[in-house]
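Peer 1: Next up, model_7.tsv (TSV, C-alpha atoms).
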```tsv
chain	number	residue	atom	x	y	z
A	30	MET	CA	47.49	140.87	89.72
A	31	ALA	CA	49.39	139.68	86.66
A	32	ALA	CA	53.16	139.94	86.76
A	33	LYS	CA	54.67	142.82	84.84
A	34	GLN	CA	56.38	142.03	81.57
A	35	LYS	CA	60.12	142.61	81.69
A	36	ILE	CA	62.13	144.73	79.25
A	37	LEU	CA	65.92	144.47	79.12
A	38	ILE	CA	67.43	147.73	77.86
A	39	VAL	CA	70.92	147.43	76.39
A	40	ASP	CA	72.51	150.79	75.52
A	41	ASP	CA	75.96	152.21	76.32
A	42	ASP	CA	74.49	155.71	76.60
A	43	GLU	CA	73.18	155.77	80.15
A	44	ASN	CA	71.00	158.83	79.52
A	45	ILE	CA	69.21	157.14	76.62
A	46	ALA	CA	68.82	153.92	78.61
A	47	GLU	CA	67.27	155.81	81.52
A	48	LEU	CA	64.93	157.67	79.18
A	49	ILE	CA	63.78	154.42	77.59
A	50	SER	CA	63.32	152.91	81.04
A	51	LEU	CA	61.11	155.85	81.97
A	52	TYR	CA	58.94	155.32	78.88
A	53	MET	CA	58.59	151.60	79.62
A	54	THR	CA	57.94	152.07	83.33
A	55	LYS	CA	55.10	154.49	82.57
A	56	GLU	CA	53.54	151.70	80.50
A	57	CYS	CA	53.78	149.34	83.49
A	58	PHE	CA	56.75	147.33	82.28
A	59	GLU	CA	59.52	146.24	84.60
A	60	THR	CA	62.93	147.26	83.26
A	61	MET	CA	66.60	146.50	83.70
A	62	MET	CA	69.42	148.51	82.13
A	63	VAL	CA	72.86	147.24	81.09
A	64	HIS	CA	75.47	149.04	79.03
A	65	ASP	CA	77.53	146.41	77.20
A	66	GLY	CA	77.05	143.17	75.33
A	67	GLU	CA	78.54	140.79	77.88
A	68	SER	CA	76.32	142.21	80.62
A	69	ALA	CA	73.31	141.78	78.33
A	70	LEU	CA	73.95	138.04	77.94
A	71	THR	CA	74.34	137.67	81.70
A	72	ALA	CA	71.18	139.68	82.39
A	73	ILE	CA	69.12	137.43	80.12
A	74	ASP	CA	69.72	134.55	82.53
A	75	THR	CA	69.26	136.54	85.74
A	76	PHE	CA	66.49	138.98	84.75
A	77	GLU	CA	64.64	136.63	82.34
A	78	PRO	CA	63.20	139.43	80.16
A	79	ASP	CA	60.19	139.14	77.89
A	80	LEU	CA	61.83	141.43	75.32
A	81	MET	CA	65.21	143.07	74.73
A	82	LEU	CA	65.79	146.57	73.36
A	83	LEU	CA	69.28	146.29	71.89
A	84	ASP	CA	71.55	149.09	70.75
A	85	ILE	CA	73.98	148.15	67.95
A	86	MET	CA	76.96	150.30	68.92
A	87	LEU	CA	78.15	148.74	72.19
A	88	PRO	CA	81.63	148.48	73.71
A	89	GLY	CA	83.28	145.12	73.22
A	90	MET	CA	80.59	142.80	71.88
A	91	ASP	CA	78.33	144.84	69.59
A	92	GLY	CA	74.58	144.47	69.17
A	93	TYR	CA	74.88	142.24	66.12
A	94	GLN	CA	77.02	139.78	68.07
A	95	VAL	CA	74.64	139.88	71.02
A	96	CYS	CA	71.68	139.22	68.74
A	97	ARG	CA	73.45	136.24	67.17
A	98	GLU	CA	74.32	134.77	70.57
A	99	VAL	CA	70.79	135.19	71.88
A	100	ARG	CA	69.28	133.55	68.80
A	101	ASN	CA	71.55	130.55	69.30
A	102	ARG	CA	70.18	130.14	72.81
A	103	MET	CA	66.52	131.12	72.79
A	104	ASN	CA	63.62	132.77	70.99
A	105	LEU	CA	63.66	136.06	72.93
A	106	PRO	CA	61.98	138.99	71.12
A	107	ILE	CA	64.59	141.58	70.10
A	108	ILE	CA	64.11	145.14	68.86
A	109	MET	CA	67.31	146.77	67.64
A	110	LEU	CA	67.92	150.47	68.26
A	111	SER	CA	70.49	152.34	66.20
A	112	ALA	CA	71.45	155.68	64.73
A	113	LYS	CA	72.45	153.69	61.65
A	114	GLY	CA	69.57	154.06	59.21
A	115	GLU	CA	71.09	152.48	56.11
A	116	VAL	CA	69.20	149.63	54.47
A	117	PHE	CA	72.24	147.38	54.90
A	118	ASP	CA	72.19	147.83	58.67
A	119	LYS	CA	68.48	147.06	58.88
A	120	VAL	CA	68.79	143.99	56.67
A	121	LEU	CA	71.73	142.69	58.70
A	122	GLY	CA	69.83	143.12	61.94
A	123	LEU	CA	66.81	141.28	60.56
A	124	GLU	CA	68.99	138.54	59.07
A	125	LEU	CA	70.55	137.91	62.46
A	126	GLY	CA	67.12	137.45	64.00
A	127	ALA	CA	65.93	140.84	65.24
A	128	ASP	CA	62.14	141.18	65.27
A	129	ASP	CA	62.13	144.91	64.60
A	130	TYR	CA	64.56	147.80	63.99
A	131	ILE	CA	64.05	151.37	65.16
A	132	GLU	CA	66.23	154.31	64.16
A	133	LYS	CA	67.47	156.88	66.66
A	134	PRO	CA	66.25	159.42	67.48
A	135	PHE	CA	62.86	157.77	67.95
A	136	ASP	CA	59.48	158.96	69.12
A	137	SER	CA	58.54	157.61	72.55
A	138	LYS	CA	55.02	156.67	71.46
A	139	GLU	CA	56.33	154.76	68.45
A	140	LEU	CA	58.84	152.89	70.60
A	141	VAL	CA	56.16	151.84	73.07
A	142	ALA	CA	53.83	150.81	70.24
A	143	ARG	CA	56.53	148.71	68.59
A	144	VAL	CA	57.36	147.00	71.87
A	145	LYS	CA	53.72	146.15	72.51
A	146	ALA	CA	53.25	144.91	68.93
A	147	VAL	CA	56.22	142.54	69.10
A	148	LEU	CA	55.14	141.21	72.51
A	149	ARG	CA	51.60	140.72	71.22
A	150	ARG	CA	52.84	138.69	68.25
A	151	PHE	CA	54.92	136.44	70.48
A	152	ARG	CA	52.07	135.98	72.93
A	153	ASN	CA	49.35	135.23	70.38
A	154	THR	CA	51.12	133.21	67.69
A	155	PRO	CA	51.88	129.53	68.06
A	156	ALA	CA	55.41	128.31	67.71
A	157	GLU	CA	56.44	124.91	66.47
A	158	THR	CA	54.57	122.13	68.28
A	159	ARG	CA	56.06	118.72	68.97
A	160	SER	CA	54.08	115.81	70.36
A	161	ASP	CA	55.01	112.12	70.32
A	162	ASP	CA	57.85	112.85	67.89
A	163	THR	CA	55.39	114.51	65.52
A	164	GLU	CA	56.54	117.85	64.13
A	165	TYR	CA	53.84	120.23	62.98
A	166	VAL	CA	52.68	123.83	63.04
A	167	GLU	CA	49.04	124.78	63.24
A	168	TYR	CA	47.11	127.98	62.54
A	169	PRO	CA	43.45	128.71	61.80
A	170	ASP	CA	42.44	126.45	58.85
A	171	LEU	CA	46.03	125.26	58.35
A	172	LYS	CA	48.10	122.37	59.69
A	173	VAL	CA	51.53	121.57	58.24
A	174	ASN	CA	52.96	118.23	59.38
A	175	ARG	CA	56.64	117.64	58.64
A	176	THR	CA	56.57	114.11	60.05
A	177	ASP	CA	54.20	112.62	57.48
A	178	TYR	CA	54.58	115.47	54.92
A	179	SER	CA	50.93	116.43	54.93
A	180	VAL	CA	49.16	119.78	54.66
A	181	ILE	CA	45.55	120.23	55.74
A	182	TYR	CA	43.95	123.48	54.60
A	183	ARG	CA	40.32	124.32	55.37
A	184	GLY	CA	39.75	120.67	56.25
A	185	GLU	CA	41.12	119.28	53.00
A	186	SER	CA	44.44	117.67	52.16
A	187	ILE	CA	46.63	119.75	49.86
A	188	ASP	CA	49.20	118.04	47.65
A	189	MET	CA	52.62	119.66	47.92
A	190	PRO	CA	56.05	118.61	46.69
A	191	PRO	CA	58.54	118.14	49.55
A	192	LYS	CA	60.39	121.44	49.02
A	193	GLU	CA	57.17	123.46	49.00
A	194	LEU	CA	56.05	121.81	52.23
A	195	GLU	CA	59.45	122.28	53.86
A	196	LEU	CA	59.50	125.95	52.86
A	197	LEU	CA	55.98	126.52	54.24
A	198	TYR	CA	56.82	124.66	57.44
A	199	PHE	CA	60.04	126.62	57.97
A	200	LEU	CA	58.32	129.98	57.55
A	201	ALA	CA	55.26	129.06	59.64
A	202	ALA	CA	57.42	127.69	62.48
A	203	SER	CA	58.83	131.23	62.96
A	204	PRO	CA	55.78	133.52	62.62
A	205	ASN	CA	56.47	137.17	61.74
A	206	HIS	CA	60.19	136.47	61.37
A	207	VAL	CA	61.73	137.85	58.17
A	208	PHE	CA	64.02	135.56	56.19
A	209	THR	CA	66.11	136.56	53.21
A	210	ARG	CA	65.98	134.50	50.03
A	211	GLU	CA	69.56	133.40	50.69
A	212	GLN	CA	68.63	132.14	54.17
A	213	LEU	CA	65.70	130.19	52.75
A	214	LEU	CA	67.90	128.65	50.07
A	215	ASP	CA	70.40	127.58	52.72
A	216	GLN	CA	67.75	126.15	55.05
A	217	ILE	CA	65.58	124.33	52.51
A	218	TRP	CA	67.91	123.49	49.64
A	219	GLY	CA	71.22	123.38	51.52
A	220	TYR	CA	74.45	125.32	51.38
A	221	GLU	CA	75.72	123.32	48.41
A	222	TYR	CA	72.70	124.04	46.24
A	223	ILE	CA	73.69	125.51	42.90
A	224	GLY	CA	70.99	127.91	41.81
A	225	ASP	CA	69.71	131.42	42.35
A	226	THR	CA	67.17	133.06	44.59
A	227	ARG	CA	64.46	132.91	41.92
A	228	THR	CA	63.96	129.32	43.04
A	229	VAL	CA	62.55	130.67	46.32
A	230	ASP	CA	60.30	133.14	44.49
A	231	VAL	CA	58.84	130.37	42.32
A	232	HIS	CA	58.06	128.16	45.31
A	233	ILE	CA	56.49	131.07	47.22
A	234	LYS	CA	54.31	131.80	44.18
A	235	ARG	CA	53.11	128.19	44.11
A	236	LEU	CA	52.35	128.21	47.83
A	237	ARG	CA	50.27	131.37	47.44
A	238	GLU	CA	48.34	129.84	44.56
A	239	LYS	CA	47.45	126.82	46.71
A	240	LEU	CA	46.72	128.63	49.99
A	241	GLY	CA	45.35	131.96	48.84
A	242	ASP	CA	45.11	134.86	51.31
A	243	HIS	CA	43.74	133.94	54.74
A	244	ASP	CA	42.20	136.49	57.12
A	245	ASP	CA	44.49	135.45	59.97
A	246	TRP	CA	47.79	134.77	58.21
A	247	LYS	CA	49.62	135.01	54.90
A	248	ILE	CA	53.04	134.71	53.31
A	249	SER	CA	54.22	138.31	53.00
A	250	THR	CA	56.90	139.76	50.76
A	251	ILE	CA	59.32	142.13	52.49
A	252	TRP	CA	60.56	144.14	49.54
A	253	GLY	CA	64.30	144.16	49.14
A	254	ILE	CA	64.74	141.55	51.88
A	255	GLY	CA	62.70	138.35	51.55
A	256	TYR	CA	59.60	136.74	53.05
A	257	LYS	CA	57.82	136.06	56.30
A	258	PHE	CA	54.80	134.11	57.51
A	259	GLU	CA	52.72	137.02	58.77
A	260	VAL	CA	50.17	136.36	61.52
A	261	ARG	CA	47.62	139.14	61.64
A	262	ARG	CA	45.67	138.27	64.76
```
Render the structure in this file as structure tokens.
Peer 2:
Amino acid sequence: MAAKQKILIVDDDENIAELISLYMTKECFETMMVHDGESALTAIDTFEPDLMLLDIMLPGMDGYQVCREVRNRMNLPIIMLSAKGEVFDKVLGLELGADDYIEKPFDSKELVARVKAVLRRFRNTPAETRSDDTEYVEYPDLKVNRTDYSVIYRGESIDMPPKELELLYFLAASPNHVFTREQLLDQIWGYEYIGDTRTVDVHIKRLREKLGDHDDWKISTIWGIGYKFEVRR
């Protein structure tokens, strides 16, 4: 029998945490509940969860801080839970590395579906691959190699300027992760780059013209936020 996937529930409201645990247990997940940020970071090492459900409003270290700390340490799937439904709060959560954001009160079926969807993406999508000091990402019909700056698409070499290739590589190395235009500017062009976010839009447009729309993946626009390399299967 396969081991149960583990869900770490971080919420200072014990009643909500227990209710979520009940939902997850019924779906054959193993759960652990903690009620503050410091305990969450400790539980990650001891419980070794497959996914964390993280409330924002926590005593001491809040959910945003926990998310930032986790992202500095590992690529653990995180779904943020919050009564804060403002766009700013959602954007901030996604910018810090959350994989999804669910508003309270939430429907139990939606919560379970979101958890399963995030776990499925992490299970089925390849992360960055390193072999013999070669850095590349590979998907159906696409291989982006940052070591020799080559792109192979549908068996043919595609010419790309360095910044286009670096942008594609950065997005594809974190499948289904949303990045703001500002984050992409910082990562690809550097913090000292003098320019505006339209630079990112232009490069994304060129990448789409060269790669088209694949059945298994595409570069998606997240309106009002930025872009992600979306893996569909």
Peer 1: How would you write as a PyMOL selection string the residues that get within 12 Å of (36.3, 127.5, 51.4) in the file's frame, counting all atoms listed in the file?
Peer 2: chain A and resi 170+182-185+240-243
Peer 1: Rank nothing, just name the residue among A:Met189, A:Ile181, A:Met62, A:Ile248 nearest to Glu43 (chain A), using all atoms listed in the file.
Peer 2: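 That would be A:Met62, the residue with the smallest distance to Glu43 (chain A).
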Peer 1: Using all atoms listed in the file, which of the listed residues (A:Ala142, A:Asp41, A:Glu132, A:Cys57) sits closest to Met90 (chain A)?
Peer 2: A:Asp41
Peer 1: List the neighbours of Lys234 (chain A) out to 12 Å using only C-alpha atoms; skip same-chain residues closer than 2 positions along the sequence, and give me the result as a list in words.
Peer 2: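 Listed by chain and then number, they are Glu193, Leu196, Leu197, Arg227, Thr228, Val229, Asp230, Val231, His232, Leu236, Arg237, Glu238, Lys239, Leu240, Gly241, Ile248, Ser249, Thr250 and Tyr256 of chain A.
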Peer 1: Between A:Met53, A:Leu171, A:Val120, A:Leu105, which residue has the minimum interatomic distance to Arg143 (chain A), considering all atoms listed in the file?
Peer 2: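 Among the listed residues, A:Met53 lies closest to Arg143 (chain A).
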Peer 1: When you count only C-alpha atoms, which of these residues is closest to Leu51 (chain A): A:Leu200, A:Leu121, A:Ala112, A:Leu140?
Peer 2: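 With only C-alpha atoms as the atom set, the closest residue is A:Leu140.
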Peer 1: For Ala69 (chain A), which residue out of A:Asp118, A:Val95, A:Glu56, A:Trp218 is the nearest one, using all atoms listed in the file?
Peer 2: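 Of all the options, A:Val95 lies closest to Ala69 (chain A).
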